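These notes are about the structure you will find just below.
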Number of protein chains: 2
Amino acid sequence: MHIYLDCVPCFIRQALDAARHVTDDELVHEMIVRKVAELIAELDMTNPPPVMGQRIHRLVREMANVEDPYHHFKQRFNDAALSRYSNLREIIADSANHIETAVRIAIAGNIIDFGVKSKLEESELFETIKQCLIQENTGMQIKEFIEAVNKAEDILYLADNAGEIVFDRLLIEQLPVEKITVVVKGRPVINDATMEDAIRTGLPQITDVIDNGSDAPGTILESCSQSFRNRFEKADMVIAKGQGNYESLSNLDKNIFFMLKAKCPVIASDIGCKVGEMVLLHNNSFRKGRL
Amino acid sequence: MHIYLDCVPCFIRQALDAARHVTDDELVHEMIVRKVAELIAELDMTNPPPVMGQRIHRLVREMANVEDPYHHFKQRFNDAALSRYSNLREIIADSANHIETAVRIAIAGNIIDFGVKSKLEESELFETIKQCLIQENTGMQIKEFIEAVNKAEDILYLADNAGEIVFDRLLIEQLPVEKITVVVKGRPVINDATMEDAIRTGLPQITDVIDNGSDAPGTILESCSQSFRNRFEKADMVIAKGQGNYESLSNLDKNIFFMLKAKCPVIASDIGCKVGEMVLLHNNSFRKGRL
């Protein structure tokens with residue numbers, strides 16, 4: 001997905017939210033907004049939005065001189081999610097369709113996104129899980145997803161945010177774990193999960209975890225390490241979690257399932273779904289205009 | 001009121017709305033967004049927001065080569081408002097407090113603001129009137145306003161938008177019209193009322209109407225004609241309608257009553273009221289922190 005003009009006001013809003021998150025210094029906020037405006041004036045609109053997200057959050061970290069501004073939030077939502085882990089695992093075990101229930105929970109976890117929302121409380125996360133468990137399925141290709149997982153031999157699971165990866169773990173436990181490698185970000189960006197979060201939430205105990213070498217809030221292949229790019233090339237199926245991965249990979253010709261909660265109207269329109277909808281969709285499907 | 005950083009995403013959003021309003025050419029939309037981003041990078045944050053609004057809408061008119069992009073909307077809402085004129089006049093006549101009812105109707109008319117909203121239907125306008133007639137009075141100094149009008153000798157009524165001026169007329173008819181001069185914009189900007197709208201809605205038949213010589217969506221004195229500035233200096237009371245006039249005159253040391261519907265969270269926060277609130281407030285009052 002390329003940058004839409006409607007993304008532009010949101011770039012400024014995101015930069016301002018992030019600036020206010022890292023420092024109370026209003027002069028720094030102003031400098032960041034001005035710098036982002038300069039980037040916008042020269043923006044290559046053919047890029048996916050996370051290219052801009054990467055620049056914005058690098059700028060925020062540099063100007064405020066903070067390496068991992070969302071570290072506290074990441075820990076907090078890892079712990080909040082872990083506190084529900086056993087309970088959610090039981091809900092999955094007791095459900096009629098384990099994989100569908102686990103997918104719904106994994107999508108609910110995608111609400112933990114500080115790129116889209118500037119504030120989130122644990123109560124909202126738990127409320128979202130409740131809703132996702134009963135929400136009508138209008139945009140989830142569960143059957144196709146299960147078939148693809150069974151057929152594939154080497155699956156990359158591109159994780160999105162800290163906290164959320166606990167819910168990804170619950171889903172991965174329902175899949176053939178030996179085929180799956182989870183991918184986290186190479187360096188901190190917003191609240192995206194890094195290796196530290198994977199370790200804290202016990203993912204390496206159940207499956208392989210690698211990092212992509214990048215600090216983009218999505219998967220910008222040019223920004224990833226060569227070793228990750230080779231690994232990506234080799235995989236015969238990709239499960240891409242969250243909006244950032246959708247934005248950066250939706251135009252790729254590869255066997256990818258996108259799994260996300262559509263939170264932004266521009267992305268929802270690009271997918272062809274409604275804001276708030278749960279999406280599990282093969283990239284061939286929306287190219288054919290199924291949604 | 002100076003420019004807040006929260007105004008910045010909204011500048012881009014406004015520019016994009018206006019660009020889409022004047023042309024379907026996406027290249028022009030993109031050029032306008034880039035140019036506005038350049039302006040933001042160099043922005044003087046001590047200015048009131050309508051200074052930026054003036055630049056944005058000049059840019060839109062120049063780049064799309066359209067002199068009065070909202071002409072059709074202005075006519076449409078003048079006519080919609082005129083169609084309710086007699087009915088609303090009766091409502092005022094039948095009410096317990098004529099001036100308060102007329103103020104509520106004048107404030108309801110302030111919903112016709114294409115700077116804030118990109119779309120408006122007549123039905124929403126009429127619904128807003130209904131609500132404003134029954135809404136609790138939390139931010140209207142009716143008594144102080146009536147006293148000030150009675151005491152003043154030379155009152156400037158700074159109009160805001162086309163259509164809305166029909167509702168202003170209903171209020172002005174309840175006041176000593178011989179003391180009042182209505183001020184419209186000197187040239188088209190968004191859907192702000194100009195002399196053409198004043199004439200179409202019959203205002204010059206009941207009171208003096210002048211223009212301020214400016215195309216700012218507010219009253220930026222430096223941008224107004226010398227004759228208007230002299231007239232402004234001379235007036236012993238000003239009734240300033242709408243957000244743009246609040247933004248541009250709220251820091252002035254003059255006998256001004258601001259009358260508006262607070263539609264924007266930044267302005268509401270600056271005033272100290274809630275979004276959606278009806279405001280009729282003397283500038284001395286909020287400086288003293290009464291709201």
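Labels for the structure tokens follow display order: chains A, B, ..., residues from 1 in each chain, ligands from 1.
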Selection near stretch 87-102 of chain B, 12 Å with only C-alpha atoms, sequence-local residues under 2 positions removed, as a PDB file with N, CA and C atoms, in the first residue's frame:
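See around16.pdb below for the written result:
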```pdb
ATOM      1  N   ALA B  81     -31.188  28.782   4.875  1.00  0.00           N
ATOM      2  CA  ALA B  81     -31.448  29.574   6.074  1.00  0.00           C
ATOM      3  C   ALA B  81     -32.637  30.510   5.835  1.00  0.00           C
ATOM      4  N   LEU B  82     -32.688  31.128   4.653  1.00  0.00           N
ATOM      5  CA  LEU B  82     -33.806  32.042   4.341  1.00  0.00           C
ATOM      6  C   LEU B  82     -35.141  31.297   4.368  1.00  0.00           C
ATOM      7  N   SER B  83     -35.110  30.020   3.979  1.00  0.00           N
ATOM      8  CA  SER B  83     -36.362  29.249   3.944  1.00  0.00           C
ATOM      9  C   SER B  83     -36.938  29.057   5.350  1.00  0.00           C
ATOM     10  N   ARG B  84     -36.085  29.191   6.385  1.00  0.00           N
ATOM     11  CA  ARG B  84     -36.556  29.056   7.762  1.00  0.00           C
ATOM     12  C   ARG B  84     -36.720  30.398   8.477  1.00  0.00           C
ATOM     13  N   TYR B  85     -36.420  31.466   7.760  1.00  0.00           N
ATOM     14  CA  TYR B  85     -36.370  32.789   8.408  1.00  0.00           C
ATOM     15  C   TYR B  85     -37.679  33.141   9.134  1.00  0.00           C
ATOM     16  N   ARG B 104     -29.332  31.962  20.711  1.00  0.00           N
ATOM     17  CA  ARG B 104     -29.224  30.511  20.523  1.00  0.00           C
ATOM     18  C   ARG B 104     -29.319  30.159  19.035  1.00  0.00           C
ATOM     19  N   ILE B 105     -30.216  30.812  18.322  1.00  0.00           N
ATOM     20  CA  ILE B 105     -30.368  30.537  16.887  1.00  0.00           C
ATOM     21  C   ILE B 105     -29.133  31.015  16.125  1.00  0.00           C
ATOM     22  N   ALA B 106     -28.620  32.189  16.502  1.00  0.00           N
ATOM     23  CA  ALA B 106     -27.419  32.713  15.836  1.00  0.00           C
ATOM     24  C   ALA B 106     -26.226  31.779  16.064  1.00  0.00           C
ATOM     25  N   ILE B 107     -26.138  31.218  17.276  1.00  0.00           N
ATOM     26  CA  ILE B 107     -25.036  30.295  17.568  1.00  0.00           C
ATOM     27  C   ILE B 107     -25.225  28.984  16.800  1.00  0.00           C
ATOM     28  N   ALA B 108     -26.482  28.520  16.711  1.00  0.00           N
ATOM     29  CA  ALA B 108     -26.748  27.293  15.942  1.00  0.00           C
ATOM     30  C   ALA B 108     -26.269  27.457  14.506  1.00  0.00           C
ATOM     31  N   GLY B 109     -26.494  28.649  13.939  1.00  0.00           N
ATOM     32  CA  GLY B 109     -26.088  28.917  12.554  1.00  0.00           C
ATOM     33  C   GLY B 109     -24.592  28.791  12.347  1.00  0.00           C
ATOM     34  N   PHE B 126     -30.674  22.150  10.602  1.00  0.00           N
ATOM     35  CA  PHE B 126     -31.966  22.311  11.273  1.00  0.00           C
ATOM     36  C   PHE B 126     -31.997  21.533  12.590  1.00  0.00           C
ATOM     37  N   ILE B 129     -30.229  23.620  15.166  1.00  0.00           N
ATOM     38  CA  ILE B 129     -31.095  24.698  15.695  1.00  0.00           C
ATOM     39  C   ILE B 129     -31.988  24.146  16.806  1.00  0.00           C
ATOM     40  N   LYS B 130     -32.603  23.002  16.525  1.00  0.00           N
ATOM     41  CA  LYS B 130     -33.484  22.378  17.540  1.00  0.00           C
ATOM     42  C   LYS B 130     -32.733  22.170  18.848  1.00  0.00           C
ATOM     43  N   GLN B 131     -31.524  21.584  18.717  1.00  0.00           N
ATOM     44  CA  GLN B 131     -30.733  21.291  19.918  1.00  0.00           C
ATOM     45  C   GLN B 131     -30.364  22.570  20.665  1.00  0.00           C
ATOM     46  N   CYS B 132     -29.937  23.593  19.897  1.00  0.00           N
ATOM     47  CA  CYS B 132     -29.477  24.828  20.540  1.00  0.00           C
ATOM     48  C   CYS B 132     -30.610  25.536  21.279  1.00  0.00           C
ATOM     49  N   LEU B 133     -31.850  25.320  20.833  1.00  0.00           N
ATOM     50  CA  LEU B 133     -32.982  25.969  21.495  1.00  0.00           C
ATOM     51  C   LEU B 133     -33.252  25.368  22.871  1.00  0.00           C
ATOM     52  N   ILE B 134     -32.841  24.110  23.057  1.00  0.00           N
ATOM     53  CA  ILE B 134     -33.132  23.464  24.354  1.00  0.00           C
ATOM     54  C   ILE B 134     -31.875  23.174  25.178  1.00  0.00           C
ATOM     55  N   GLN B 135     -30.687  23.336  24.537  1.00  0.00           N
ATOM     56  CA  GLN B 135     -29.433  22.999  25.217  1.00  0.00           C
ATOM     57  C   GLN B 135     -29.252  23.835  26.489  1.00  0.00           C
ATOM     58  N   ASN B 137     -27.722  26.185  29.203  1.00  0.00           N
ATOM     59  CA  ASN B 137     -26.822  27.336  29.060  1.00  0.00           C
ATOM     60  C   ASN B 137     -25.669  27.231  30.042  1.00  0.00           C
ATOM     61  N   MET B 140     -23.055  31.012  28.247  1.00  0.00           N
ATOM     62  CA  MET B 140     -23.596  32.215  27.612  1.00  0.00           C
ATOM     63  C   MET B 140     -23.901  33.302  28.628  1.00  0.00           C
ATOM     64  N   GLN B 141     -23.229  34.445  28.476  1.00  0.00           N
ATOM     65  CA  GLN B 141     -23.464  35.583  29.365  1.00  0.00           C
ATOM     66  C   GLN B 141     -24.555  36.465  28.754  1.00  0.00           C
ATOM     67  N   ILE B 142     -25.792  35.969  28.760  1.00  0.00           N
ATOM     68  CA  ILE B 142     -26.895  36.696  28.112  1.00  0.00           C
ATOM     69  C   ILE B 142     -27.134  38.051  28.781  1.00  0.00           C
ATOM     70  N   LYS B 143     -27.194  38.034  30.108  1.00  0.00           N
ATOM     71  CA  LYS B 143     -27.504  39.264  30.848  1.00  0.00           C
ATOM     72  C   LYS B 143     -26.425  40.328  30.585  1.00  0.00           C
ATOM     73  N   GLU B 144     -25.155  39.901  30.702  1.00  0.00           N
ATOM     74  CA  GLU B 144     -24.041  40.828  30.475  1.00  0.00           C
ATOM     75  C   GLU B 144     -24.058  41.344  29.043  1.00  0.00           C
ATOM     76  N   PHE B 145     -24.433  40.487  28.117  1.00  0.00           N
ATOM     77  CA  PHE B 145     -24.479  40.860  26.700  1.00  0.00           C
ATOM     78  C   PHE B 145     -25.540  41.936  26.480  1.00  0.00           C
ATOM     79  N   ILE B 146     -26.722  41.745  27.042  1.00  0.00           N
ATOM     80  CA  ILE B 146     -27.810  42.720  26.864  1.00  0.00           C
ATOM     81  C   ILE B 146     -27.421  44.068  27.479  1.00  0.00           C
ATOM     82  N   GLU B 147     -26.823  44.010  28.663  1.00  0.00           N
ATOM     83  CA  GLU B 147     -26.385  45.256  29.320  1.00  0.00           C
ATOM     84  C   GLU B 147     -25.366  45.993  28.473  1.00  0.00           C
ATOM     85  N   VAL B 149     -24.870  45.764  25.220  1.00  0.00           N
ATOM     86  CA  VAL B 149     -25.492  46.296  23.998  1.00  0.00           C
ATOM     87  C   VAL B 149     -26.219  47.607  24.326  1.00  0.00           C
ATOM     88  N   VAL B 166     -28.045  34.823   8.021  1.00  0.00           N
ATOM     89  CA  VAL B 166     -29.506  34.926   8.135  1.00  0.00           C
ATOM     90  C   VAL B 166     -29.902  34.824   9.610  1.00  0.00           C
ATOM     91  N   PHE B 167     -29.224  33.940  10.339  1.00  0.00           N
ATOM     92  CA  PHE B 167     -29.504  33.773  11.772  1.00  0.00           C
ATOM     93  C   PHE B 167     -28.957  34.972  12.559  1.00  0.00           C
ATOM     94  N   ASP B 168     -27.840  35.529  12.067  1.00  0.00           N
ATOM     95  CA  ASP B 168     -27.339  36.766  12.682  1.00  0.00           C
ATOM     96  C   ASP B 168     -28.381  37.876  12.509  1.00  0.00           C
ATOM     97  N   ARG B 169     -28.982  37.918  11.335  1.00  0.00           N
ATOM     98  CA  ARG B 169     -29.995  38.942  11.059  1.00  0.00           C
ATOM     99  C   ARG B 169     -31.145  38.830  12.062  1.00  0.00           C
ATOM    100  N   LEU B 170     -31.561  37.601  12.350  1.00  0.00           N
ATOM    101  CA  LEU B 170     -32.646  37.396  13.321  1.00  0.00           C
ATOM    102  C   LEU B 170     -32.276  37.943  14.691  1.00  0.00           C
ATOM    103  N   LEU B 171     -31.008  37.796  15.066  1.00  0.00           N
ATOM    104  CA  LEU B 171     -30.557  38.352  16.349  1.00  0.00           C
ATOM    105  C   LEU B 171     -30.484  39.881  16.277  1.00  0.00           C
ATOM    106  N   ILE B 172     -29.900  40.375  15.194  1.00  0.00           N
ATOM    107  CA  ILE B 172     -29.725  41.831  15.052  1.00  0.00           C
ATOM    108  C   ILE B 172     -31.081  42.544  15.097  1.00  0.00           C
ATOM    109  N   GLU B 173     -32.106  41.904  14.545  1.00  0.00           N
ATOM    110  CA  GLU B 173     -33.460  42.491  14.576  1.00  0.00           C
ATOM    111  C   GLU B 173     -33.990  42.672  15.996  1.00  0.00           C
ATOM    112  N   GLN B 174     -33.406  41.889  16.937  1.00  0.00           N
ATOM    113  CA  GLN B 174     -33.823  42.012  18.337  1.00  0.00           C
ATOM    114  C   GLN B 174     -33.009  43.066  19.083  1.00  0.00           C
ATOM    115  N   LEU B 175     -31.973  43.588  18.426  1.00  0.00           N
ATOM    116  CA  LEU B 175     -31.082  44.556  19.085  1.00  0.00           C
ATOM    117  C   LEU B 175     -31.367  45.949  18.506  1.00  0.00           C
ATOM    118  N   PRO B 176     -30.814  46.993  19.119  1.00  0.00           N
ATOM    119  CA  PRO B 176     -30.999  48.347  18.554  1.00  0.00           C
ATOM    120  C   PRO B 176     -30.214  48.471  17.241  1.00  0.00           C
ATOM    121  N   MET B 259     -19.178  35.031  20.197  1.00  0.00           N
ATOM    122  CA  MET B 259     -20.400  34.230  20.108  1.00  0.00           C
ATOM    123  C   MET B 259     -20.139  33.120  19.096  1.00  0.00           C
ATOM    124  N   MET B 278     -22.349  26.083  23.473  1.00  0.00           N
ATOM    125  CA  MET B 278     -22.683  27.402  22.927  1.00  0.00           C
ATOM    126  C   MET B 278     -21.955  28.441  23.767  1.00  0.00           C
ATOM    127  N   LEU B 280     -21.213  32.512  24.527  1.00  0.00           N
ATOM    128  CA  LEU B 280     -21.390  33.963  24.378  1.00  0.00           C
ATOM    129  C   LEU B 280     -20.671  34.549  25.573  1.00  0.00           C
TER     130      LEU B 280
END
```
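Distance criterion 9 Å to chain B, applied with only C-alpha atoms, yields Leu5, Asp6, Val8, Pro9, Cys10, Phe11, Ile12, Arg13, Leu16, His29, Glu30, Met31, Val33, Arg34, Lys35, Val36, Ala37, Glu38, Leu39, Ile40, Ala41, Glu42 and Leu43 of chain A on chain A.
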What is the atom CA of A:Phe114-atom CA of A:Ala216 distance in Å, reported with one decimal?
-> 13.9 Å
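Backbone DSSP over stretch 55-213 of chain A yields strand (DSSP E or B) at Met140, Ile155, Leu156, Tyr157, Leu158, Asn161, Ile180, Thr181, Val182, Val183, Val184, Lys185, Asp192, Thr194, Asp208, Val209, Ile210 and Asp211 of chain A.
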Residues from the last selection, N, CA and C atoms, saved as a short mmCIF file (atom, residue, chain, number, x, y, z; two decimals), in the first residue's frame:
```
data_model
loop_
_atom_site.label_atom_id
_atom_site.label_comp_id
_atom_site.auth_asym_id
_atom_site.auth_seq_id
_atom_site.Cartn_x
_atom_site.Cartn_y
_atom_site.Cartn_z
N MET A 140 -12.58 -12.83 7.64
CA MET A 140 -11.56 -13.80 8.05
C MET A 140 -11.68 -15.08 7.23
N ILE A 155 7.12 -21.42 7.55
CA ILE A 155 6.22 -20.28 7.76
C ILE A 155 6.89 -19.19 8.60
N LEU A 156 6.90 -17.97 8.07
CA LEU A 156 7.36 -16.84 8.89
C LEU A 156 6.14 -16.16 9.49
N TYR A 157 6.18 -15.93 10.78
CA TYR A 157 5.10 -15.21 11.47
C TYR A 157 5.65 -13.84 11.87
N LEU A 158 5.31 -12.81 11.11
CA LEU A 158 5.82 -11.46 11.37
C LEU A 158 5.01 -10.83 12.49
N ASN A 161 3.21 -6.05 17.76
CA ASN A 161 3.53 -5.27 18.96
C ASN A 161 3.82 -6.12 20.19
N ILE A 180 7.18 -23.04 12.13
CA ILE A 180 7.02 -21.58 12.28
C ILE A 180 8.27 -20.90 12.85
N THR A 181 8.62 -19.78 12.26
CA THR A 181 9.63 -18.89 12.83
C THR A 181 8.97 -17.54 13.06
N VAL A 182 9.04 -17.06 14.29
CA VAL A 182 8.48 -15.74 14.61
C VAL A 182 9.54 -14.68 14.35
N VAL A 183 9.10 -13.55 13.75
CA VAL A 183 10.04 -12.46 13.44
C VAL A 183 9.67 -11.22 14.25
N VAL A 184 10.63 -10.69 14.99
CA VAL A 184 10.42 -9.43 15.72
C VAL A 184 11.31 -8.36 15.10
N LYS A 185 11.12 -7.11 15.56
CA LYS A 185 11.92 -6.01 15.00
C LYS A 185 13.37 -6.07 15.51
N ASP A 192 6.53 -1.72 18.98
CA ASP A 192 6.72 -2.97 18.24
C ASP A 192 7.58 -3.95 19.05
N THR A 194 10.32 -6.51 20.12
CA THR A 194 11.71 -6.85 19.81
C THR A 194 12.04 -8.18 20.50
N ASP A 208 11.05 -21.03 16.99
CA ASP A 208 12.21 -20.20 16.64
C ASP A 208 11.78 -18.73 16.60
N VAL A 209 12.65 -17.85 17.07
CA VAL A 209 12.40 -16.41 16.97
C VAL A 209 13.65 -15.75 16.39
N ILE A 210 13.46 -14.93 15.36
CA ILE A 210 14.58 -14.17 14.80
C ILE A 210 14.18 -12.70 14.76
N ASP A 211 15.15 -11.82 14.53
CA ASP A 211 14.77 -10.41 14.33
C ASP A 211 15.08 -10.01 12.89
#
```
Report the distance between atom CA of A:Pro217 and atom CA of A:Gly53 in Å, rounded to one decimal place.
-> 6.4 Å
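When only C-alpha atoms are used to compute distances to A:Met237, the closest of the residues A:Asp253, A:Asp160, A:Glu277, A:Asp270 turns out to be A:Asp253.
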Could you pull out the residues in stretch 1-32 of chain A that DSSP calls helix (DSSP H, G or I) from the backbone, as a PyMOL selection string?
-> chain A and resi 7-22+26-32
Write out, as a short mmCIF file (atom, residue, chain, number, x, y, z; two decimals), in the first residue's frame, the residues just selected, with C-alpha atoms.
```cif
data_model
loop_
_atom_site.label_atom_id
_atom_site.label_comp_id
_atom_site.auth_asym_id
_atom_site.auth_seq_id
_atom_site.Cartn_x
_atom_site.Cartn_y
_atom_site.Cartn_z
CA CYS A 7 -2.00 9.63 5.78
CA VAL A 8 -0.29 13.03 5.88
CA PRO A 9 -2.28 14.73 8.69
CA CYS A 10 -1.86 11.47 10.64
CA PHE A 11 1.95 11.57 10.22
CA ILE A 12 1.96 14.93 12.00
CA ARG A 13 -0.47 13.67 14.66
CA GLN A 14 1.69 10.56 15.24
CA ALA A 15 4.87 12.62 15.46
CA LEU A 16 3.24 14.99 17.96
CA ASP A 17 1.89 12.10 20.06
CA ALA A 18 5.29 10.43 20.09
CA ALA A 19 7.08 13.71 20.86
CA ARG A 20 4.77 14.34 23.81
CA HIS A 21 5.29 10.78 24.94
CA VAL A 22 9.08 11.13 25.12
CA GLU A 26 7.41 21.94 24.04
CA LEU A 27 10.33 23.30 22.03
CA VAL A 28 11.29 19.74 21.17
CA HIS A 29 7.67 18.99 20.20
CA GLU A 30 7.71 22.00 17.89
CA MET A 31 11.08 21.08 16.33
CA ILE A 32 9.83 17.56 15.65
#
```
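Closest approach to B:Asn191 from the set B:Ala162, B:Asn65, B:Arg229, B:Ser250 is made by B:Ala162, with distances taken over only C-alpha atoms.
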